[in-house]
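The block underneath contains the structure these notes are about, expressed in structure tokens.
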Amino acid sequence: MIFDLSSYKNVNLKTELLSGLTVALALVPEAVAFAFVAGVAPLVGLYAAFIVCLITSVFGGRPGMISGATGALAVVMVSLVTQHGVEYLFATVVLMGILQVIFGVLKLGKFIRLVPEPVIYGFVNGLAIVIFLAQFGQFKEKSVTGELSWITGSALYTMLAIIALTMTVIYLLPKLTKSFPAPLAGILIASAVVLGFGINTKTVGDLASIKGGFPSFHIPNVPINFETLRIIFPYALILAGIGLIESLLTLTLVDELTETRGKGNKECVAQGTANVVTGFFGGMGGCAMIGQSIINVTSGGRSRVSGIMAAVSLLIFILFGSELIQKVPVAALVGVMFMVCVGTFEWASFKIWNKIPKADFLVIILVTTLTVVFDLAIAVIAGVIVSALIFAWENAVKIRARKYVDDKGIKHYEVRGPLFFASTTHFLEKFESQADPADVIVDFKESRVFDHSGIEAIQKLSDRYQKIGKRIRFRHLSEDCRQLLAKAGVVIEINQEEDPHYPVADDQIN
């Protein structure tokens, strides 16, 4: 079942609906702005926001999470649109969705678990900074020559005052009551002040007209041949990757905020399905939006109702309410997004910098910087790689060998720590083949061979002793290790009959 009705018994319907309305208001300028970034018409961004938000809210694996057109995808799309046109973008979005569905069906969403906490900290901080910097575009206006320039004088002071008013309402209202979403209250009060006093300031209508009809089915007008696939596939692959990374990391963040657990693979399928549909209905595609998701969660949205409400409200704005929505001051929405930035940024990063390993703190700084300078995908991939290398190095130097000679004159090496590609050099350096007696035993009771490099190290060690006419035996090699040695054709002397069963070195034990 898509809906488990029992899970909706404790849902506050009023809060969910108001939260969804708040999100819809915040989606409008974002979708328009990202459409401009991608080089397409505003309605292309708005249709994507409606379709992607609706489908992921109904079928996704994370109730309460909001999806729509995003800047992370828009910056990749712009070169495709510039070189080949918007029809190729629609075809790319369809292929992007298919790739995401395949990713979910193969249950690869679980690999989000490989993203370490410092990378998530960096991701959150980087996105908070990106969202913050993106708002400064609203402080610019077109001159008579068509060039953008910073607003100054009374226009600037008016905008700052409205932003301050909105942020103050959002900050203070929860201290008085939590029955009404603070972001929506901030937007409504700021709009009422602007309209009531006839204040001249930039509104949503100054960005672009959001009036349009219901999105219609449209097969992308591109040649169906290999050349088209050659053009769109690289873009589709990059967009699919960025979309899934941002969606799964946002899912993880919402999990933490709500103290519940979403379903990553289900979300991948929903995201992919949404992008396939939006590609056939003239939308630019999308993925999870961390800013809008936080607005929804902090406004009380926890179920699918809030996401569905956001999507439906957005469609109503497009069909019937464009004139009303276009009167909303942009400064009010900027104020909401500034508060999102404040709530998103992991301020704890500054408190724990001297309490966590320096390497982890450097990863946080790295991912944050790369997110701001490049994009989310590069930042997260780089963060995971650096974290993995740090982990490998730290474990590489942990390998030890306790040495002693028994009463029979046999030299024993009791190995401790993991034996894998990064630790093989340290492992081999522990042995003194020339100085050792004629009989040597290497005990792996407190060690584990993890990969082919470890097997090769054992082979090299065995060969080293055999070449100088000394006997070397290996004890407590796990069953899986012995099987790997046999498959690799490695011939060494193993004292298997002396080996009792040690669960710690057995793959079958969890």
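Just remember, in the structure tokens the first chain shown is A, the second B, etc., residues are 1-based per chain, and ligands are 1-based in the order shown.
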> Hey, what's within 12 Å of segment 215-217 of chain A if we count only C-alpha atoms and toss same-chain stuff fewer than 3 positions away? As a PyMOL selection string, please?
Replying inline: chain A and resi 43-51+90+211-212+220+276-283+315+318-319
> Skipping near chain neighbours, those fewer than 3 positions away, what residues fall within 6 Å of His412 of chain A using only C-alpha atoms, listed as a VMD selection string?
Replying inline: chain A and resid 403 to 405 440 to 442
>> Between atom CA of Thr70 of chain A and atom CA of Met289 of chain A, what is the distance in Å, rounded to a tenth?
In response: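 The value is 6.7 Å.
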Mind checking which residues fall within 12 Å of Ala348 of chain A, counting only C-alpha atoms, ignoring those fewer than 6 positions away in the same chain, and posting them as a PDB file with C-alpha atoms, in the first residue's frame?
ATOM      1  CA  PRO A 118      32.154  14.568   8.442  1.00  0.00           C
ATOM      2  CA  TYR A 121      28.488  17.923   8.005  1.00  0.00           C
ATOM      3  CA  GLY A 122      30.364  19.428   5.075  1.00  0.00           C
ATOM      4  CA  VAL A 124      24.987  20.520   5.041  1.00  0.00           C
ATOM      5  CA  ASN A 125      27.286  23.469   5.699  1.00  0.00           C
ATOM      6  CA  ASN A 354      39.109  20.590  18.687  1.00  0.00           C
ATOM      7  CA  LYS A 355      37.258  17.519  19.988  1.00  0.00           C
ATOM      8  CA  ILE A 356      37.289  15.380  16.844  1.00  0.00           C
ATOM      9  CA  PHE A 361      37.614  18.362  10.623  1.00  0.00           C
ATOM     10  CA  ILE A 364      34.317  18.924   6.817  1.00  0.00           C
TER      11      ILE A 364
END
